[in-house]
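Inspection log for the structure reproduced underneath, given as structure tokens.
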Amino acid sequence: MATSTLELDRAIMIEKPSIAWSEVAGLEEAKEVLFEAIISPIKFPHLVEGKPASCKRILLFGPPGTGKSYLVRAAAAEANHSTILSVSASYVISTLLSDLNRLIQRISDLVHTHKPCIILVEEVDSLCSSRSDEREETQRLKTEFLGMIQAMQSYSDGIFVLSATSTPWMLNSSIRQFFDKRVYISLPEENARFMIFKSNLGNTAHYLTEDNLHILAGETNGCSGADIVVVVRDALMQPVREIQSATYFKQVSGSSPIDKTTVCDDLLAPCSPDESGAIKMSWMEMPSDKLFLRPVTMTDMLKSLHGFKPAVGDMDKFDKFREDFGQEG
């Protein structure tokens with residue numbers, strides 16, 4: 001049975017990101033590539049007028065949690081809020097050849113409606129199987145899909161193809177050659193880690209100084225951006241855990257949980273049993289507008305950090321792939 005238009009639309013996610021380019025910490029080399037390849041032709045066409053066409057198919061590779069998809073969305077937002085069409089490669093190889101033609105036609109229709117746009121090929125690794133028992137039709141699906149995408153770009157401007165992978169060594173030669181450039185998204189350097197800590201604190205009340213954040217950045221060498229986000233989120237929960245486990249509270253002054261501009265003298269904060277004014281009670285016994293949540297401290301951060309193990313393992317494979325295949329085009 002042929003796939004319906006509704007089913008095809010479920011396989012193609014349409015997104016208009018609003019991530020600011022300045023929110024991407026570090027990754028200067030990758031940002032330079034995306035500026036030249038995508039942002040300049042869309043946002044500043046006069047800068048590239050008369051010059052050879054820049055690369056239009058880019059693979060971002062690197063450890064998990066380094067911000068590859070985030071960077072793609074920031075680039076789209078910076079390029080005059082371009083549309084992202086996310087297409088699942090695993091859906092492609094699970095469909096019928098007849099439906100692939102309809103899928104490509106649907107992508108083409110959406111592309112011309114939303115140009116300029118980025119076609120984001122998700123799960124690109126699924127296109128790379130080369131098992132000897134793989135069906136000939138499946139192999140043909142992969143070839144047809146990449147060929148059709150390439151042809152779509154050749155007859156229309158304003159179409160860019162990006163993909164990301166955390167296992168680039170799994171890609172076969174045909175997939176590697178499909179991309180004009182293969183750009184390494186590395187673990188964040190110290191200054192980028194500082195920015196990630198700072199941005200993820202957001203508007204949360206805290207006592208952390210710039211020096212504290214630089215110390216934390218120095219302590220997190222080998223961590224990905226996603227790792228640091230986990231550490232910060234855990235640290236932000238430390239004051240909440242104190243409230244959950246507390247059996248004694250005392251009255252303190254502070255900003256009202258309901259209205260931050262109002263100072264209250266009758267808020268309740270966790271304390272030890274021997275403190276003056278300690279009242280035996282649990283958090284469940286008090287009104288929500290009287291519960292005081294203390295600011296996050298450096299001690300909270302260090303406690304969360306020292307109990308954390310980075311998710312990224314052996315980096316040698318990424319270095320080898322970058323040496324062999326990175327930044328081509």
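Order determines the names: the first chain of the structure tokens is A, the second B, and so forth; residues in each chain are numbered 1 upward, and ligands are numbered 1 upward as they are shown.
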
Within 12 Å of region 149-153 of chain A: each region 178-226 of chain A residue with its shortest pair, only C-alpha atoms, as a Markdown table:
| residue | atom | partner | partner_atom | distance |
| --- | --- | --- | --- | --- |
| A:Phe178 | CA | A:Gln150 | CA | 8.3 |
| A:Phe179 | CA | A:Gln150 | CA | 9.9 |
| A:Asp180 | CA | A:Gln150 | CA | 11.1 |

How would the residues just chosen look if you wrote them out with N, CA, C and O atoms as a short mmCIF file (atom, residue, chain, number, x, y, z; two decimals), in the first residue's frame?
data_model
loop_
_atom_site.label_atom_id
_atom_site.label_comp_id
_atom_site.auth_asym_id
_atom_site.auth_seq_id
_atom_site.Cartn_x
_atom_site.Cartn_y
_atom_site.Cartn_z
N PHE A 178 29.59 11.82 -0.26
CA PHE A 178 28.38 12.61 -0.50
C PHE A 178 28.52 14.01 0.09
O PHE A 178 28.01 14.99 -0.46
N PHE A 179 29.22 14.11 1.22
CA PHE A 179 29.37 15.40 1.91
C PHE A 179 30.60 16.13 1.39
O PHE A 179 31.69 15.58 1.31
N ASP A 180 30.40 17.43 1.05
CA ASP A 180 31.50 18.26 0.57
C ASP A 180 32.54 18.48 1.66
O ASP A 180 33.73 18.56 1.39
#

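Summary of the local environment: counting only C-alpha atoms, residues at most 8 Å from region 16-32 of chain A, other than itself and those fewer than 2 positions away along its chain, are A:Ile14, A:Leu34, A:Phe35, A:Glu36, A:Tyr70, A:Leu71, A:Arg73, A:Ala74, A:Ala75, A:Ala76, A:Ala77, A:Glu78, A:His81, A:Ser82, A:Thr83, A:Ile84, A:Val183, A:Tyr184, A:Ile185, A:Ser186, A:Pro188, A:Glu189, A:Asn191, A:Ala192, A:Arg193, A:Met195, A:Ile196.
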
Going by DSSP on the backbone, which residues of region 92-236 of chain A come out as helix (DSSP H, G or I)? List them as an MDAnalysis selection string. chainID A and resid 92:94 97:114 124:127 136:154 168:170 173:178 190:201 210:219 225:236

I'd like the neighbourhood of region 234-244 of chain A as a PDB file with N, CA, C and O atoms, in the first residue's frame, where a residue qualifies if any of its atoms comes within 10 Å (using only C-alpha atoms), though same-chain residues fewer than 6 positions away should be ignored.
ATOM      1  N   ASN A 200      24.095  28.159  31.591  1.00  0.00           N
ATOM      2  CA  ASN A 200      23.146  27.199  32.150  1.00  0.00           C
ATOM      3  C   ASN A 200      22.715  27.530  33.575  1.00  0.00           C
ATOM      4  O   ASN A 200      21.738  26.959  34.064  1.00  0.00           O
ATOM      5  N   LEU A 201      23.435  28.438  34.222  1.00  0.00           N
ATOM      6  CA  LEU A 201      22.942  28.937  35.504  1.00  0.00           C
ATOM      7  C   LEU A 201      21.694  29.791  35.301  1.00  0.00           C
ATOM      8  O   LEU A 201      20.815  29.852  36.157  1.00  0.00           O
ATOM      9  N   THR A 204      18.865  31.546  37.794  1.00  0.00           N
ATOM     10  CA  THR A 204      18.829  30.912  39.109  1.00  0.00           C
ATOM     11  C   THR A 204      19.662  31.713  40.116  1.00  0.00           C
ATOM     12  O   THR A 204      20.783  32.127  39.815  1.00  0.00           O
ATOM     13  N   ALA A 205      19.136  31.917  41.298  1.00  0.00           N
ATOM     14  CA  ALA A 205      19.872  32.632  42.347  1.00  0.00           C
ATOM     15  C   ALA A 205      21.100  31.815  42.754  1.00  0.00           C
ATOM     16  O   ALA A 205      20.996  30.611  43.018  1.00  0.00           O
ATOM     17  N   HIS A 206      22.250  32.465  42.784  1.00  0.00           N
ATOM     18  CA  HIS A 206      23.487  31.751  43.150  1.00  0.00           C
ATOM     19  C   HIS A 206      24.523  32.722  43.699  1.00  0.00           C
ATOM     20  O   HIS A 206      24.405  33.943  43.551  1.00  0.00           O
ATOM     21  N   ILE A 228      28.440  18.971  31.096  1.00  0.00           N
ATOM     22  CA  ILE A 228      28.416  20.155  31.964  1.00  0.00           C
ATOM     23  C   ILE A 228      26.983  20.542  32.303  1.00  0.00           C
ATOM     24  O   ILE A 228      26.680  20.918  33.446  1.00  0.00           O
ATOM     25  N   LEU A 268      10.569  30.216  55.474  1.00  0.00           N
ATOM     26  CA  LEU A 268      11.094  29.081  56.236  1.00  0.00           C
ATOM     27  C   LEU A 268      12.184  28.375  55.441  1.00  0.00           C
ATOM     28  O   LEU A 268      11.982  28.022  54.281  1.00  0.00           O
ATOM     29  N   ALA A 269      13.347  28.166  56.105  1.00  0.00           N
ATOM     30  CA  ALA A 269      14.496  27.522  55.465  1.00  0.00           C
ATOM     31  C   ALA A 269      14.972  26.363  56.323  1.00  0.00           C
ATOM     32  O   ALA A 269      14.836  26.396  57.561  1.00  0.00           O
ATOM     33  N   PRO A 270      15.540  25.313  55.703  1.00  0.00           N
ATOM     34  CA  PRO A 270      16.053  24.175  56.474  1.00  0.00           C
ATOM     35  C   PRO A 270      17.123  24.619  57.477  1.00  0.00           C
ATOM     36  O   PRO A 270      17.897  25.545  57.201  1.00  0.00           O
ATOM     37  N   CYS A 271      17.161  23.962  58.618  1.00  0.00           N
ATOM     38  CA  CYS A 271      18.185  24.258  59.609  1.00  0.00           C
ATOM     39  C   CYS A 271      18.451  23.011  60.451  1.00  0.00           C
ATOM     40  O   CYS A 271      17.746  22.005  60.326  1.00  0.00           O
ATOM     41  N   SER A 282       8.128  19.259  58.370  1.00  0.00           N
ATOM     42  CA  SER A 282       8.596  18.857  57.038  1.00  0.00           C
ATOM     43  C   SER A 282       8.102  19.873  56.020  1.00  0.00           C
ATOM     44  O   SER A 282       7.202  20.673  56.317  1.00  0.00           O
ATOM     45  N   TRP A 283       8.670  19.815  54.829  1.00  0.00           N
ATOM     46  CA  TRP A 283       8.277  20.765  53.782  1.00  0.00           C
ATOM     47  C   TRP A 283       6.811  20.623  53.406  1.00  0.00           C
ATOM     48  O   TRP A 283       6.185  21.562  52.928  1.00  0.00           O
ATOM     49  N   MET A 284       6.228  19.430  53.639  1.00  0.00           N
ATOM     50  CA  MET A 284       4.831  19.201  53.272  1.00  0.00           C
ATOM     51  C   MET A 284       3.856  19.950  54.183  1.00  0.00           C
ATOM     52  O   MET A 284       2.685  20.096  53.855  1.00  0.00           O
ATOM     53  N   LEU A 291       8.142  28.889  51.601  1.00  0.00           N
ATOM     54  CA  LEU A 291       9.313  28.009  51.508  1.00  0.00           C
ATOM     55  C   LEU A 291      10.469  28.757  50.852  1.00  0.00           C
ATOM     56  O   LEU A 291      10.367  29.227  49.719  1.00  0.00           O
ATOM     57  N   PHE A 292      11.585  28.878  51.578  1.00  0.00           N
ATOM     58  CA  PHE A 292      12.754  29.608  51.093  1.00  0.00           C
ATOM     59  C   PHE A 292      13.752  28.643  50.452  1.00  0.00           C
ATOM     60  O   PHE A 292      14.155  27.658  51.066  1.00  0.00           O
ATOM     61  N   LEU A 293      14.124  28.927  49.215  1.00  0.00           N
ATOM     62  CA  LEU A 293      15.124  28.125  48.511  1.00  0.00           C
ATOM     63  C   LEU A 293      16.414  28.941  48.456  1.00  0.00           C
ATOM     64  O   LEU A 293      16.475  29.985  47.818  1.00  0.00           O
ATOM     65  N   ARG A 294      17.445  28.454  49.125  1.00  0.00           N
ATOM     66  CA  ARG A 294      18.696  29.214  49.180  1.00  0.00           C
ATOM     67  C   ARG A 294      19.379  29.244  47.808  1.00  0.00           C
ATOM     68  O   ARG A 294      19.192  28.343  46.975  1.00  0.00           O
ATOM     69  N   PRO A 295      20.219  30.246  47.555  1.00  0.00           N
ATOM     70  CA  PRO A 295      20.977  30.308  46.302  1.00  0.00           C
ATOM     71  C   PRO A 295      21.979  29.151  46.196  1.00  0.00           C
ATOM     72  O   PRO A 295      22.436  28.599  47.204  1.00  0.00           O
ATOM     73  N   VAL A 296      22.300  28.800  44.980  1.00  0.00           N
ATOM     74  CA  VAL A 296      23.286  27.744  44.706  1.00  0.00           C
ATOM     75  C   VAL A 296      24.687  28.279  45.022  1.00  0.00           C
ATOM     76  O   VAL A 296      24.993  29.448  44.782  1.00  0.00           O
ATOM     77  N   THR A 297      25.544  27.404  45.538  1.00  0.00           N
ATOM     78  CA  THR A 297      26.898  27.796  45.936  1.00  0.00           C
ATOM     79  C   THR A 297      27.954  26.994  45.169  1.00  0.00           C
ATOM     80  O   THR A 297      27.639  26.007  44.493  1.00  0.00           O
ATOM     81  N   MET A 298      29.188  27.409  45.312  1.00  0.00           N
ATOM     82  CA  MET A 298      30.305  26.686  44.719  1.00  0.00           C
ATOM     83  C   MET A 298      30.405  25.281  45.316  1.00  0.00           C
ATOM     84  O   MET A 298      30.737  24.325  44.617  1.00  0.00           O
ATOM     85  N   THR A 299      30.084  25.156  46.589  1.00  0.00           N
ATOM     86  CA  THR A 299      30.090  23.836  47.237  1.00  0.00           C
ATOM     87  C   THR A 299      29.122  22.890  46.546  1.00  0.00           C
ATOM     88  O   THR A 299      29.424  21.706  46.335  1.00  0.00           O
ATOM     89  N   ASP A 300      27.943  23.399  46.177  1.00  0.00           N
ATOM     90  CA  ASP A 300      26.968  22.576  45.446  1.00  0.00           C
ATOM     91  C   ASP A 300      27.556  22.104  44.125  1.00  0.00           C
ATOM     92  O   ASP A 300      27.421  20.928  43.752  1.00  0.00           O
ATOM     93  N   MET A 301      28.195  23.026  43.408  1.00  0.00           N
ATOM     94  CA  MET A 301      28.779  22.694  42.116  1.00  0.00           C
ATOM     95  C   MET A 301      29.855  21.617  42.254  1.00  0.00           C
ATOM     96  O   MET A 301      29.895  20.647  41.488  1.00  0.00           O
ATOM     97  N   LEU A 302      30.743  21.803  43.204  1.00  0.00           N
ATOM     98  CA  LEU A 302      31.843  20.850  43.383  1.00  0.00           C
ATOM     99  C   LEU A 302      31.319  19.472  43.809  1.00  0.00           C
ATOM    100  O   LEU A 302      31.834  18.444  43.385  1.00  0.00           O
ATOM    101  N   LYS A 303      30.277  19.469  44.647  1.00  0.00           N
ATOM    102  CA  LYS A 303      29.678  18.197  45.070  1.00  0.00           C
ATOM    103  C   LYS A 303      29.117  17.441  43.874  1.00  0.00           C
ATOM    104  O   LYS A 303      29.339  16.228  43.720  1.00  0.00           O
ATOM    105  N   SER A 304      28.415  18.160  43.002  1.00  0.00           N
ATOM    106  CA  SER A 304      27.851  17.524  41.807  1.00  0.00           C
ATOM    107  C   SER A 304      28.945  17.094  40.839  1.00  0.00           C
ATOM    108  O   SER A 304      28.867  16.026  40.228  1.00  0.00           O
ATOM    109  N   LEU A 305      29.971  17.919  40.706  1.00  0.00           N
ATOM    110  CA  LEU A 305      31.053  17.620  39.773  1.00  0.00           C
ATOM    111  C   LEU A 305      31.860  16.414  40.220  1.00  0.00           C
ATOM    112  O   LEU A 305      32.193  15.536  39.414  1.00  0.00           O
ATOM    113  N   PHE A 308      30.503  12.980  39.378  1.00  0.00           N
ATOM    114  CA  PHE A 308      30.111  12.810  37.975  1.00  0.00           C
ATOM    115  C   PHE A 308      31.222  12.174  37.161  1.00  0.00           C
ATOM    116  O   PHE A 308      32.398  12.464  37.358  1.00  0.00           O
TER     117      PHE A 308
END

Counting only C-alpha atoms, figure out which residue out of A:Asp314, A:Glu144, A:Asp266, A:Asp227 gets nearest to Asp99 (chain A). A:Glu144

Counting only C-alpha atoms, the residue among A:Thr167, A:Ser272, A:Gln177, A:Thr247 that lies closest to Ile58 (chain A) is A:Gln177

Hey, can you check how far CA of Lys142 (chain A) sits from CA of Asn101 (chain A)? 12.1 Å

What lies within 6 Å of Glu123 (chain A) using only C-alpha atoms, ignoring chain neighbours under 2 positions off, as a ChimeraX atom specification? /A:89,125-126

Can you pull out the residues contacting region 255-259 of chain A? Cut-off 8 Å, using only C-alpha atoms, and skip same-chain residues under 4 positions away; I want them as number ranges by chain. A: 263-264, 267, 289-292

Using only N, CA and C atoms, please write the residues we just selected to a file, as a compact mmCIF listing (two decimals), in the first residue's frame.
# COMPACT_ATOMS: atom_id res chain seq x y z
N VAL A 263 10.16 41.58 49.81
CA VAL A 263 10.97 40.92 50.82
C VAL A 263 10.07 40.49 51.97
N CYS A 264 10.19 39.22 52.33
CA CYS A 264 9.39 38.67 53.43
C CYS A 264 10.30 38.31 54.61
N LEU A 267 9.79 33.72 55.88
CA LEU A 267 10.04 32.54 55.06
C LEU A 267 10.68 31.45 55.91
N ASP A 289 4.14 29.49 49.55
CA ASP A 289 4.68 30.84 49.44
C ASP A 289 5.58 31.21 50.62
N LYS A 290 5.82 30.25 51.52
CA LYS A 290 6.70 30.52 52.67
C LYS A 290 8.00 29.70 52.60
N LEU A 291 8.14 28.89 51.60
CA LEU A 291 9.31 28.01 51.51
C LEU A 291 10.47 28.76 50.85
N PHE A 292 11.59 28.88 51.58
CA PHE A 292 12.75 29.61 51.09
C PHE A 292 13.75 28.64 50.45

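One finds CA of Lys68 (chain A) at 15.0 Å from CA of Val229 (chain A).
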
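With only C-alpha atoms taken into account, the protein and nucleic acid residues at most 8 Å from Leu162 (chain A) (excluding it and anything under 6 positions from it in its own chain) are A:Arg57, A:Ile58, A:Leu59, A:Leu60, A:Val72, A:Ile118, A:Ile119, A:Leu120, A:Val121.
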
Go ahead and write the selection's residues with N, CA and C atoms as an mmCIF file, in the first residue's frame.
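Writing the result to part.cif gives the following:
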data_model
loop_
_atom_site.group_PDB
_atom_site.id
_atom_site.type_symbol
_atom_site.label_atom_id
_atom_site.label_comp_id
_atom_site.auth_asym_id
_atom_site.auth_seq_id
_atom_site.Cartn_x
_atom_site.Cartn_y
_atom_site.Cartn_z
ATOM 1 N N ARG A 57 26.822 20.491 1.241
ATOM 2 C CA ARG A 57 26.511 19.267 1.989
ATOM 3 C C ARG A 57 27.619 19.080 3.034
ATOM 4 N N ILE A 58 27.241 19.168 4.301
ATOM 5 C CA ILE A 58 28.224 19.170 5.386
ATOM 6 C C ILE A 58 27.864 18.110 6.419
ATOM 7 N N LEU A 59 28.860 17.341 6.812
ATOM 8 C CA LEU A 59 28.712 16.363 7.880
ATOM 9 C C LEU A 59 29.439 16.888 9.114
ATOM 10 N N LEU A 60 28.738 16.946 10.227
ATOM 11 C CA LEU A 60 29.347 17.301 11.499
ATOM 12 C C LEU A 60 29.580 16.014 12.279
ATOM 13 N N VAL A 72 23.613 23.274 14.208
ATOM 14 C CA VAL A 72 22.826 23.298 12.976
ATOM 15 C C VAL A 72 21.639 24.246 13.139
ATOM 16 N N ILE A 118 17.380 24.055 5.201
ATOM 17 C CA ILE A 118 18.398 23.038 5.466
ATOM 18 C C ILE A 118 17.698 21.695 5.577
ATOM 19 N N ILE A 119 18.129 20.749 4.774
ATOM 20 C CA ILE A 119 17.650 19.370 4.922
ATOM 21 C C ILE A 119 18.588 18.684 5.906
ATOM 22 N N LEU A 120 18.067 18.349 7.072
ATOM 23 C CA LEU A 120 18.867 17.701 8.105
ATOM 24 C C LEU A 120 18.593 16.206 8.068
ATOM 25 N N VAL A 121 19.589 15.446 7.630
ATOM 26 C CA VAL A 121 19.438 13.984 7.528
ATOM 27 C C VAL A 121 19.774 13.378 8.887
#

Nearest to Glu15 (chain A) among A:Val92, A:Ala37, A:Leu110, A:Met281, with distances taken over only C-alpha atoms: which residue is it? A:Leu110

Would you mind writing down, as a count of residues only, each residue of region 57-141 of chain A that DSSP on the backbone assigns to strand (DSSP E or B)? 17

Write out as a ChimeraX atom specification each polymer residue whose atoms come within 8 Å of Ser166 (chain A), counting only C-alpha atoms; drop sequence neighbours fewer than 6 positions from it. /A:61-64

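Between CA of Val161 (chain A) and CA of Lys56 (chain A) the interatomic distance comes to 6.2 Å.
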
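Take the candidates A:Cys117, A:Ile107, A:Ile12, A:Ile93 and check each one against Ile39 (chain A) using only C-alpha atoms; the shortest distance goes to A:Cys117.
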